[in-house]
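Trainee: To be precise about what I am sending: the file is called model-v5.cif and holds mmCIF, C-alpha atoms.
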```
data_final
loop_
_atom_site.label_atom_id
_atom_site.label_comp_id
_atom_site.auth_asym_id
_atom_site.auth_seq_id
_atom_site.Cartn_x
_atom_site.Cartn_y
_atom_site.Cartn_z
CA MET Q 9 33.10 14.18 30.20
CA LYS Q 10 30.59 11.36 30.02
CA ILE Q 11 28.48 11.11 26.87
CA LEU Q 12 25.25 9.23 26.18
CA VAL Q 13 24.57 8.14 22.58
CA VAL Q 14 20.99 7.12 21.86
CA ASP Q 15 19.92 5.51 18.58
CA ASP Q 16 18.15 2.23 17.86
CA SER Q 17 20.67 1.55 15.08
CA SER Q 18 23.88 0.01 16.37
CA VAL Q 19 25.61 1.16 13.19
CA MET Q 20 24.54 4.77 13.75
CA ARG Q 21 25.69 4.62 17.36
CA ARG Q 22 29.11 3.38 16.19
CA ILE Q 23 29.33 6.17 13.61
CA LEU Q 24 28.59 8.77 16.28
CA ILE Q 25 31.03 7.17 18.71
CA ASN Q 26 33.75 7.23 16.04
CA SER Q 27 33.15 10.99 15.65
CA LEU Q 28 33.23 11.55 19.41
CA LYS Q 29 36.52 9.67 19.68
CA GLN Q 30 38.03 11.98 17.06
CA ILE Q 31 37.72 14.82 19.59
CA ASP Q 32 38.83 12.71 22.54
CA LEU Q 33 35.37 12.14 23.98
CA VAL Q 34 35.77 8.49 24.88
CA ASP Q 35 33.71 7.93 28.04
CA ILE Q 36 30.55 6.90 26.24
CA ASP Q 37 27.37 5.04 27.25
CA GLN Q 38 24.74 3.87 24.81
CA ALA Q 39 20.98 3.39 24.75
CA ASP Q 40 18.83 1.96 21.99
CA ASN Q 41 15.36 3.07 23.09
CA GLY Q 42 13.65 6.11 24.58
CA GLU Q 43 12.86 4.71 28.01
CA ASP Q 44 16.41 3.54 28.55
CA ALA Q 45 17.65 6.95 27.42
CA VAL Q 46 15.53 8.66 30.08
CA THR Q 47 16.58 6.22 32.79
CA LYS Q 48 20.25 6.68 32.02
CA ALA Q 49 19.98 10.46 31.60
CA LEU Q 50 18.32 10.87 34.97
CA ALA Q 51 20.70 8.53 36.77
CA GLY Q 52 23.95 9.45 35.10
CA ASP Q 53 26.05 12.56 35.11
CA TYR Q 54 26.31 13.17 31.39
CA GLY Q 55 27.94 16.21 29.87
CA LEU Q 56 26.26 15.62 26.52
CA ILE Q 57 23.53 13.44 25.01
CA LEU Q 58 23.19 12.62 21.29
CA LEU Q 59 19.57 11.63 20.77
CA ASP Q 60 17.74 10.11 17.81
CA TRP Q 61 14.09 10.99 17.19
CA HIS Q 62 12.55 7.71 16.10
CA LEU Q 63 13.18 5.26 18.93
CA PRO Q 64 11.36 2.16 20.13
CA ASN Q 65 8.99 2.38 23.14
CA MET Q 66 9.41 6.14 23.52
CA LEU Q 67 10.18 8.68 20.80
CA GLY Q 68 13.34 10.69 21.24
CA ILE Q 69 11.32 13.92 21.33
CA ASP Q 70 9.30 12.52 24.24
CA ALA Q 71 12.45 11.33 25.99
CA LEU Q 72 13.85 14.84 25.59
CA LYS Q 73 10.74 16.36 27.17
CA GLU Q 74 10.89 13.89 30.04
CA ILE Q 75 14.56 14.61 30.70
CA ARG Q 76 13.96 18.36 30.74
CA ALA Q 77 10.80 18.01 32.85
CA LYS Q 78 12.89 16.25 35.48
CA GLY Q 79 15.19 19.25 35.64
CA LYS Q 80 18.18 17.91 33.72
CA THR Q 81 19.97 20.65 31.78
CA MET Q 82 22.82 18.81 30.10
CA PRO Q 83 23.28 19.65 26.42
CA ILE Q 84 21.21 17.39 24.17
CA ILE Q 85 21.72 17.27 20.41
CA MET Q 86 18.98 15.68 18.32
CA VAL Q 87 20.54 13.54 15.55
CA THR Q 88 17.76 12.56 13.19
CA THR Q 89 16.32 12.22 9.68
CA GLU Q 90 13.53 14.58 10.74
CA SER Q 91 14.72 17.65 8.87
CA GLU Q 92 11.52 19.57 8.26
CA LYS Q 93 11.31 22.98 9.92
CA PRO Q 94 8.36 22.16 12.23
CA SER Q 95 10.31 19.21 13.64
CA VAL Q 96 13.39 21.32 14.30
CA ILE Q 97 11.28 23.96 16.02
CA GLN Q 98 9.47 21.31 18.04
CA ALA Q 99 12.76 19.85 19.26
CA LEU Q 100 14.25 23.22 20.16
CA ARG Q 101 11.09 24.23 22.03
CA ALA Q 102 11.25 20.92 23.91
CA GLY Q 103 14.74 21.80 25.09
CA ALA Q 104 17.14 20.42 22.49
CA SER Q 105 20.42 22.30 22.51
CA ASN Q 106 21.18 21.67 18.87
CA TYR Q 107 20.11 19.64 15.88
CA VAL Q 108 21.97 17.50 13.32
CA THR Q 109 20.13 15.98 10.39
CA LYS Q 110 21.09 12.66 8.83
CA PRO Q 111 23.00 12.18 6.64
CA PHE Q 112 25.93 14.07 8.09
CA THR Q 113 29.68 14.14 7.73
CA SER Q 114 31.88 13.47 10.72
CA GLU Q 115 33.12 17.05 10.46
CA ARG Q 116 29.55 18.37 10.67
CA VAL Q 117 28.62 16.45 13.79
CA ILE Q 118 31.91 17.41 15.45
CA GLU Q 119 31.24 21.06 14.58
CA LYS Q 120 27.80 20.82 16.16
CA ILE Q 121 29.17 19.16 19.28
CA ARG Q 122 31.83 21.86 19.69
CA GLU Q 123 29.23 24.58 19.10
CA THR Q 124 26.90 23.04 21.65
CA LEU Q 125 29.42 22.55 24.39
CA THR Q 126 30.31 26.24 24.39
CA GLU Q 127 26.70 27.40 24.81
CA ILE Q 128 24.68 28.03 27.94
CA PRO Q 129 22.46 25.02 28.78
CA PRO Q 130 18.89 25.53 27.50
CA LYS Q 131 15.57 24.97 29.20
CA ALA Q 132 12.35 23.80 27.57
CA ILE Q 133 10.18 26.68 26.45
CA PRO Q 134 6.88 26.40 28.34
CA MET C 30 2.60 8.43 -9.15
CA LYS C 31 4.56 10.59 -11.55
CA VAL C 32 8.07 9.76 -12.76
CA GLU C 33 9.41 12.99 -11.29
CA HIS C 34 8.34 11.80 -7.84
CA ILE C 35 11.38 9.55 -7.78
CA ASN C 36 13.72 12.54 -8.03
CA PRO C 37 13.69 13.33 -4.28
CA PHE C 38 14.75 9.75 -3.59
CA ILE C 39 17.57 10.00 -6.14
CA GLU C 40 18.73 13.30 -4.60
CA SER C 41 18.59 11.69 -1.18
CA VAL C 42 20.85 8.85 -2.39
CA TYR C 43 23.36 11.38 -3.72
CA ASP C 44 23.21 13.30 -0.45
CA LEU C 45 23.89 10.18 1.62
CA PHE C 46 26.75 9.02 -0.57
CA SER C 47 28.42 12.43 -0.63
CA THR C 48 28.28 12.84 3.15
CA MET C 49 28.29 9.72 5.32
CA ILE C 50 29.59 7.23 2.75
CA GLN C 51 31.93 9.63 0.92
CA CYS C 52 31.74 7.79 -2.34
CA GLU C 53 30.77 8.80 -5.84
CA VAL C 54 27.58 7.31 -7.13
CA LYS C 55 26.00 7.42 -10.56
CA LYS C 56 22.42 6.66 -11.49
CA GLY C 57 21.29 4.72 -14.51
CA ASP C 58 18.07 5.04 -16.47
CA ILE C 59 14.75 5.08 -14.64
CA GLY C 60 12.59 2.10 -15.47
CA VAL C 61 9.13 0.82 -14.61
CA ILE C 62 8.59 -2.66 -13.18
CA LYS C 63 5.59 -4.56 -11.93
CA SER C 64 7.38 -7.16 -9.85
CA PHE C 65 10.71 -7.63 -8.10
CA PRO C 66 13.19 -9.98 -9.72
CA GLN C 67 14.18 -13.04 -7.68
CA SER C 68 17.26 -12.14 -5.84
CA LEU C 69 20.30 -13.10 -3.83
CA ASP C 70 20.53 -9.51 -2.65
CA ILE C 71 19.85 -7.86 0.65
CA ILE C 72 16.79 -5.65 0.42
CA GLY C 73 15.84 -2.81 2.75
CA LEU C 74 12.15 -1.90 2.70
CA ILE C 75 10.48 1.08 4.29
CA GLY C 76 6.85 2.13 4.10
CA LEU C 77 5.38 5.57 3.69
CA SER C 78 1.97 6.17 5.21
CA GLY C 79 -0.39 9.07 5.54
CA GLU C 80 -1.52 11.19 2.65
CA THR C 81 1.50 9.98 0.69
CA ARG C 82 1.69 6.22 0.98
CA GLY C 83 3.80 3.54 -0.60
CA ASN C 84 7.08 1.76 -0.28
CA VAL C 85 10.75 2.37 -0.81
CA ALA C 86 13.04 -0.57 -1.48
CA MET C 87 16.80 -0.56 -1.88
CA SER C 88 18.49 -3.78 -2.93
CA PHE C 89 22.19 -4.43 -2.65
CA PRO C 90 24.30 -7.36 -3.78
CA ILE C 91 26.06 -8.91 -0.79
CA SER C 92 29.41 -7.46 -1.84
CA THR C 93 27.98 -3.94 -2.05
CA ALA C 94 26.23 -4.26 1.32
CA LEU C 95 29.46 -5.39 2.98
CA ALA C 96 31.45 -2.59 1.34
CA LEU C 97 28.91 0.09 2.31
CA VAL C 98 28.66 -0.92 5.94
CA SER C 99 32.44 -1.26 6.13
CA ARG C 100 32.76 2.30 4.81
CA LEU C 101 30.18 3.61 7.29
CA LEU C 102 31.93 2.00 10.22
CA GLY C 103 35.49 2.57 9.07
CA THR C 104 36.31 -1.10 9.58
CA GLU C 105 36.17 -4.12 7.30
CA ILE C 106 33.04 -6.24 7.62
CA ARG C 107 33.36 -9.61 5.92
CA VAL C 108 30.24 -11.49 6.97
CA VAL C 109 26.59 -10.62 6.52
CA ASP C 110 25.23 -10.45 10.04
CA ALA C 111 23.02 -8.26 12.22
CA THR C 112 25.42 -5.34 11.85
CA VAL C 113 25.08 -5.40 8.07
CA SER C 114 21.29 -5.65 8.30
CA ASP C 115 21.29 -2.73 10.69
CA GLY C 116 23.52 -0.70 8.40
CA ILE C 117 21.33 -1.33 5.36
CA ALA C 118 18.24 -0.47 7.42
CA GLU C 119 19.82 2.82 8.38
CA ILE C 120 20.75 3.57 4.75
CA VAL C 121 17.15 3.01 3.60
CA ASN C 122 15.87 5.04 6.55
CA ILE C 123 18.11 7.98 5.69
CA VAL C 124 17.25 7.89 1.97
CA ALA C 125 13.51 7.71 2.66
CA GLY C 126 13.73 10.40 5.34
CA GLY C 127 15.62 12.74 3.06
CA ALA C 128 13.15 12.14 0.25
CA LYS C 129 10.16 12.75 2.52
CA LYS C 130 11.32 16.29 3.13
CA ARG C 131 12.15 16.90 -0.54
CA LEU C 132 8.76 15.64 -1.76
CA SER C 133 7.27 18.90 -0.42
CA LEU C 134 3.81 17.98 -1.53
CA GLY C 135 2.34 19.67 1.50
CA THR C 136 0.99 16.31 2.57
CA PRO C 137 2.01 14.78 5.86
CA SER C 138 3.55 11.34 5.72
CA ASN C 139 5.25 8.98 8.12
CA LEU C 140 7.92 6.38 7.69
CA SER C 141 7.63 2.85 8.99
CA LEU C 142 10.49 1.07 10.69
CA PRO C 143 12.74 -0.41 8.02
CA THR C 144 12.57 -4.12 7.23
CA ILE C 145 15.51 -6.10 5.93
CA VAL C 146 15.00 -9.15 3.76
CA ARG C 147 17.93 -11.44 3.06
CA GLY C 148 18.45 -15.05 2.21
CA ASN C 149 19.57 -17.43 -0.49
CA SER C 150 16.55 -17.10 -2.71
CA PHE C 151 13.39 -15.14 -2.14
CA SER C 152 10.78 -13.20 -3.97
CA ILE C 153 8.82 -10.18 -2.85
CA ASP C 154 5.27 -9.87 -4.05
CA TYR C 155 2.96 -6.89 -4.00
CA PRO C 156 -0.65 -6.41 -5.15
CA SER C 157 -0.82 -6.95 -8.90
CA GLU C 158 -1.68 -3.34 -9.70
CA THR C 159 1.46 -2.01 -8.01
CA VAL C 160 3.88 -0.24 -10.32
CA TRP C 161 7.43 0.51 -9.23
CA LEU C 162 9.86 3.07 -10.53
CA GLU C 163 13.33 1.55 -10.55
CA VAL C 164 16.71 3.26 -10.68
CA PRO C 165 19.98 1.32 -10.89
CA PHE C 166 23.05 2.96 -9.37
CA THR C 167 26.74 2.26 -9.72
CA SER C 168 29.38 3.29 -7.22
CA GLU C 169 32.98 2.51 -6.34
CA LEU C 170 31.58 0.27 -3.59
CA GLY C 171 29.36 -1.66 -5.98
CA PRO C 172 25.98 -1.45 -7.69
CA PHE C 173 22.57 -1.23 -6.06
CA THR C 174 18.99 -0.52 -7.03
CA LEU C 175 16.41 1.90 -5.70
CA ARG C 176 12.72 1.12 -6.22
CA VAL C 177 9.83 3.33 -5.22
CA THR C 178 6.09 2.99 -5.38
CA PHE C 179 3.67 5.42 -3.84
CA GLU C 180 0.48 7.37 -4.35
CA VAL C 181 -0.47 10.79 -3.11
CA ILE C 182 -3.96 10.76 -1.69
CA LYS C 183 -4.11 14.54 -1.56
CA GLU C 184 -1.78 16.70 -3.62
CA LYS C 185 -1.69 20.52 -3.51
#
```
Could you quickly redo this structure as C-alpha cells?
Mentor:
Amino acid sequence: MKILVVDDSSVMRRILINSLKQIDLVDIDQADNGEDAVTKALAGDYGLILLDWHLPNMLGIDALKEIRAKGKTMPIIMVTTESEKPSVIQALRAGASNYVTKPFTSERVIEKIRETLTEIPPKAIP
Amino acid sequence: MKVEHINPFIESVYDLFSTMIQCEVKKGDIGVIKSFPQSLDIIGLIGLSGETRGNVAMSFPISTALALVSRLLGTEIRVVDATVSDGIAEIVNIVAGGAKKRLSLGTPSNLSLPTIVRGNSFSIDYPSETVWLEVPFTSELGPFTLRVTFEVIKEK
C-alpha cells in the first residue's frame, strides 16, 4: 500500500514515517504543502494519506476538500494541533476518515491508522 | 494577563513530554521578566493573534535542543542544522496549539508560523511595556524555559 505523508515539518513527517514503518507500511511519499498534497493525491494511487492542517500555500482542510471534490475516496487522517471540537467536526464533514491530535504517541497514531484502514471510505458531507 | 493564564502552556508542555518525547519534565517557579536575557540558546517563537494575542517563546540550550530532536526522531543528532530548527519549531507549535485549546476563554485566536532564532549571541527585544511570565523546566534531556506574554481583548 502506498502512503502519502503531508506536513510542512520534516521532523513531523519523519516521526509519522517511523510509526508507519513499525506496521510495515514502507512505500511512502511526502509532501510539505497543500498544493503538492492535492497534486500527488490526484495523480497517485494512495491507500492512505496523513494530512496536517496548517500547511503553506493551501491549508490541509482545503486540500482535503479538493481531494474529495475530485472524487478521491482514499482514507485520509488529519494529524494536527487543531484539537477543538469545531475543527474536528469541520474536518470530518469535509471528508476526513479520522483525526489524530498532536502531540501523540506512536501507539496512538498506529491505532488510528489500523482503525481507519478497516472502515468504509467516507465521502464529504454536502 | 493573569498568572494562571500560563497554566495551559505548562500543561501542554507536560502533555508533549509524556507522549511524543516520553521523558519526565519538572517545572520550576513561575517568574515575571521584562526582557529576554542574552543567550546562546535556540529560541522558538510563535505568535497568538485574534482576541487573545501575544507571544510564546521556548528557549533551549544547544545540548537540550539536540537531545530533544534526537529523541523525537529516534536517532542521534549531533549538529544544529535545519532539522533541529524544524524540530524546535514543531515543539513550540505543539505546545502553543495545546495551550490554545486549554485557554478556553471563548475567544478565537490563531497561531502564527513558528520562528526559530539561533546564533552565537543575540538579544530579543519587545515593546518596553511587555511583561513575560517565565517558567524554567528541567528534564532528563536537559533544561529549557517557557515564556509567555499575551492579552485577552475580550474575555467571557
Trainee: Applying the PyMOL selection byres ((chain C) within 6 of (chain Q)) to the file I just gave you, which residues come out? Please list them as a ChimeraX atom specification.
Mentor: /C:45,48-49,102,116,126
Trainee: Name the residues that the PyMOL selection byres ((chain C and resi 108-114) around 9) picks from the file above, as a PyMOL selection string, using the file's chain letters and numbers.
Mentor: (chain Q and resi 17-19) or (chain C and resi 71+73+91+94-95+97-99+106-107+115-119+144-147)
Trainee: Measuring atom to atom with only C-alpha atoms, identify which of Q:Val87, Q:Met82, Q:Val14, Q:Ile121 is nearest to Tyr107 (chain Q).
Mentor: Q:Val87
Trainee: Can you work out which one of Q:Leu50, Q:Ile118, Q:Ile11, Q:Val108 has the shortest atom-to-atom distance to Ala77 (chain Q), counting all atoms listed in the file?
Mentor: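 The closest residue to Ala77 (chain Q) is Q:Leu50.
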Trainee: Could you tell me how far CA of Lys78 (chain Q) lies from CA of Arg122 (chain Q), in Å and to one decimal?
Mentor: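 Going from CA of Lys78 (chain Q) over to CA of Arg122 (chain Q), I get 25.3 Å.
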Trainee: Applying the PyMOL selection byres ((chain Q and resi 100) around 12) to the file I just gave you, which residues come out? Please list them as a list in words.
Mentor: Ile69, Leu72, Lys73, Arg76, Pro83, Ile84, Ile85, Met86, Lys93, Pro94, Ser95, Val96, Ile97, Gln98, Ala99, Arg101, Ala102, Gly103, Ala104, Ser105, Asn106, Tyr107, Val108, Pro130, Lys131, Ala132, Ile133 and Pro134 of chain Q
Trainee: Give me, please, the distance in Å between CA of Arg100 (chain C) and CA of Leu125 (chain Q), quoted to one decimal.
Mentor: 28.4 Å
Trainee: What is the CA of Leu59 (chain Q) to CA of Ala45 (chain Q) distance in Å?
Mentor: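 It comes out at 8.4 Å.
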Trainee: Between C:Val42, C:Ile62, C:Val177, C:Leu77, which has the minimum distance to Lys129 (chain C) (counting all atoms listed in the file)?
Mentor: C:Leu77
Trainee: Considering all atoms listed in the file, state which residue in the set Q:Val46, Q:Met9, Q:Ile31, Q:Ala51 is at the smallest distance from Asn65 (chain Q).
Mentor: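 Closest to Asn65 (chain Q), using all atoms listed in the file: Q:Val46.
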Trainee: What's the 8 Å shell around Pro37 (chain C), counting all atoms listed in the file, without same-chain residues fewer than 2 positions away, as JSON, numbers by chain?
Mentor: {"C": [34, 35, 39, 40, 41, 127, 128, 129, 131, 132]}
Trainee: Using all atoms listed in the file, determine which residues lie at most 8 Å from Val160 (chain C), disregarding the query and same-chain residues fewer than 3 positions distant; provide the list as a list in words.
Mentor: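 Result of the neighbour search: Val61, Ile62, Lys63, Ser64 and Thr178 of chain C.
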Trainee: With all atoms listed in the file as the basis for distance, which of C:Thr81, C:Asn36, C:Ser168, C:Asn122 is at the shortest distance from Ile59 (chain C)?
Mentor: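 For Ile59 (chain C), the nearest of the given residues is C:Asn36.
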Trainee: Measuring atom to atom with all atoms listed in the file, identify which of C:Gly83, C:Pro165, C:Gly76, C:Gly103 is nearest to Val121 (chain C).
Mentor: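 Going through C:Gly83, C:Pro165, C:Gly76, C:Gly103 one by one, the smallest distance to Val121 (chain C) is for C:Gly76.
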Trainee: Name all residues at most 7 Å from Met87 (chain C) (count only C-alpha atoms; drop same-chain ones fewer than 3 positions away) and give them as a ChimeraX atom specification.
Mentor: /C:72-74,121,174-176
Trainee: Next, write the just-selected residues to a file, as an mmCIF file, in the frame of the given file, keeping C-alpha atoms as the atom set.
Mentor:
```
data_model
loop_
_atom_site.group_PDB
_atom_site.id
_atom_site.type_symbol
_atom_site.label_atom_id
_atom_site.label_comp_id
_atom_site.auth_asym_id
_atom_site.auth_seq_id
_atom_site.Cartn_x
_atom_site.Cartn_y
_atom_site.Cartn_z
ATOM 1 C CA ILE C 72 16.790 -5.650 0.420
ATOM 2 C CA GLY C 73 15.840 -2.810 2.750
ATOM 3 C CA LEU C 74 12.150 -1.900 2.700
ATOM 4 C CA VAL C 121 17.150 3.010 3.600
ATOM 5 C CA THR C 174 18.990 -0.520 -7.030
ATOM 6 C CA LEU C 175 16.410 1.900 -5.700
ATOM 7 C CA ARG C 176 12.720 1.120 -6.220
#
```
Trainee: Give me the residues within 9 Å of Ser150 (chain C) as a list of chain:residue names, counting all atoms listed in the file and dropping any in the same chain fewer than 4 places off.
Mentor: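 In the requested form, the answer reads C:Gln67, C:Ser68, C:Leu69, C:Asp70.
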Trainee: Missing atoms in region 82-102 of chain C should be modelled up to N, CA and C atoms and reported as a PDB file, in the frame of the given file.
Mentor:
```
ATOM      1  N   ARG C  82       1.434   7.568   0.465  1.00  0.00           N
ATOM      2  CA  ARG C  82       1.690   6.220   0.980  1.00  0.00           C
ATOM      3  C   ARG C  82       2.289   5.335  -0.093  1.00  0.00           C
ATOM      4  N   GLY C  83       3.147   4.444   0.345  1.00  0.00           N
ATOM      5  CA  GLY C  83       3.800   3.540  -0.600  1.00  0.00           C
ATOM      6  C   GLY C  83       4.969   2.858   0.061  1.00  0.00           C
ATOM      7  N   ASN C  84       5.920   2.474  -0.764  1.00  0.00           N
ATOM      8  CA  ASN C  84       7.080   1.760  -0.280  1.00  0.00           C
ATOM      9  C   ASN C  84       8.339   2.205  -0.989  1.00  0.00           C
ATOM     10  N   VAL C  85       9.432   2.124  -0.249  1.00  0.00           N
ATOM     11  CA  VAL C  85      10.750   2.370  -0.810  1.00  0.00           C
ATOM     12  C   VAL C  85      11.560   1.107  -0.585  1.00  0.00           C
ATOM     13  N   ALA C  86      12.223   0.635  -1.605  1.00  0.00           N
ATOM     14  CA  ALA C  86      13.040  -0.570  -1.480  1.00  0.00           C
ATOM     15  C   ALA C  86      14.408  -0.300  -2.072  1.00  0.00           C
ATOM     16  N   MET C  87      15.442  -0.655  -1.337  1.00  0.00           N
ATOM     17  CA  MET C  87      16.800  -0.560  -1.880  1.00  0.00           C
ATOM     18  C   MET C  87      17.420  -1.947  -1.804  1.00  0.00           C
ATOM     19  N   SER C  88      17.896  -2.439  -2.939  1.00  0.00           N
ATOM     20  CA  SER C  88      18.490  -3.780  -2.930  1.00  0.00           C
ATOM     21  C   SER C  88      19.968  -3.696  -3.275  1.00  0.00           C
ATOM     22  N   PHE C  89      20.731  -4.466  -2.548  1.00  0.00           N
ATOM     23  CA  PHE C  89      22.190  -4.430  -2.650  1.00  0.00           C
ATOM     24  C   PHE C  89      22.710  -5.849  -2.829  1.00  0.00           C
ATOM     25  N   PRO C  90      23.580  -6.079  -3.788  1.00  0.00           N
ATOM     26  CA  PRO C  90      24.300  -7.360  -3.780  1.00  0.00           C
ATOM     27  C   PRO C  90      25.091  -7.459  -2.473  1.00  0.00           C
ATOM     28  N   ILE C  91      25.353  -8.688  -2.055  1.00  0.00           N
ATOM     29  CA  ILE C  91      26.060  -8.910  -0.790  1.00  0.00           C
ATOM     30  C   ILE C  91      27.355  -8.110  -0.739  1.00  0.00           C
ATOM     31  N   SER C  92      28.106  -8.141  -1.835  1.00  0.00           N
ATOM     32  CA  SER C  92      29.410  -7.460  -1.840  1.00  0.00           C
ATOM     33  C   SER C  92      29.245  -5.960  -1.626  1.00  0.00           C
ATOM     34  N   THR C  93      28.216  -5.378  -2.225  1.00  0.00           N
ATOM     35  CA  THR C  93      27.980  -3.940  -2.050  1.00  0.00           C
ATOM     36  C   THR C  93      27.571  -3.637  -0.609  1.00  0.00           C
ATOM     37  N   ALA C  94      26.680  -4.471  -0.063  1.00  0.00           N
ATOM     38  CA  ALA C  94      26.230  -4.260   1.320  1.00  0.00           C
ATOM     39  C   ALA C  94      27.419  -4.293   2.281  1.00  0.00           C
ATOM     40  N   LEU C  95      28.292  -5.277   2.102  1.00  0.00           N
ATOM     41  CA  LEU C  95      29.460  -5.390   2.980  1.00  0.00           C
ATOM     42  C   LEU C  95      30.364  -4.157   2.825  1.00  0.00           C
ATOM     43  N   ALA C  96      30.571  -3.736   1.591  1.00  0.00           N
ATOM     44  CA  ALA C  96      31.450  -2.590   1.340  1.00  0.00           C
ATOM     45  C   ALA C  96      30.857  -1.301   1.935  1.00  0.00           C
ATOM     46  N   LEU C  97      29.559  -1.131   1.791  1.00  0.00           N
ATOM     47  CA  LEU C  97      28.910   0.090   2.310  1.00  0.00           C
ATOM     48  C   LEU C  97      28.995   0.153   3.823  1.00  0.00           C
ATOM     49  N   VAL C  98      28.656  -0.930   4.472  1.00  0.00           N
ATOM     50  CA  VAL C  98      28.660  -0.920   5.940  1.00  0.00           C
ATOM     51  C   VAL C  98      30.101  -0.792   6.451  1.00  0.00           C
ATOM     52  N   SER C  99      31.029  -1.424   5.759  1.00  0.00           N
ATOM     53  CA  SER C  99      32.440  -1.260   6.130  1.00  0.00           C
ATOM     54  C   SER C  99      32.849   0.205   6.039  1.00  0.00           C
ATOM     55  N   ARG C 100      32.431   0.865   4.983  1.00  0.00           N
ATOM     56  CA  ARG C 100      32.760   2.300   4.810  1.00  0.00           C
ATOM     57  C   ARG C 100      32.120   3.131   5.898  1.00  0.00           C
ATOM     58  N   LEU C 101      30.866   2.848   6.240  1.00  0.00           N
ATOM     59  CA  LEU C 101      30.180   3.610   7.290  1.00  0.00           C
ATOM     60  C   LEU C 101      30.883   3.465   8.633  1.00  0.00           C
ATOM     61  N   LEU C 102      31.343   2.264   8.908  1.00  0.00           N
ATOM     62  CA  LEU C 102      31.930   2.000  10.220  1.00  0.00           C
ATOM     63  C   LEU C 102      33.433   2.239  10.266  1.00  0.00           C
TER      64      LEU C 102
END
```
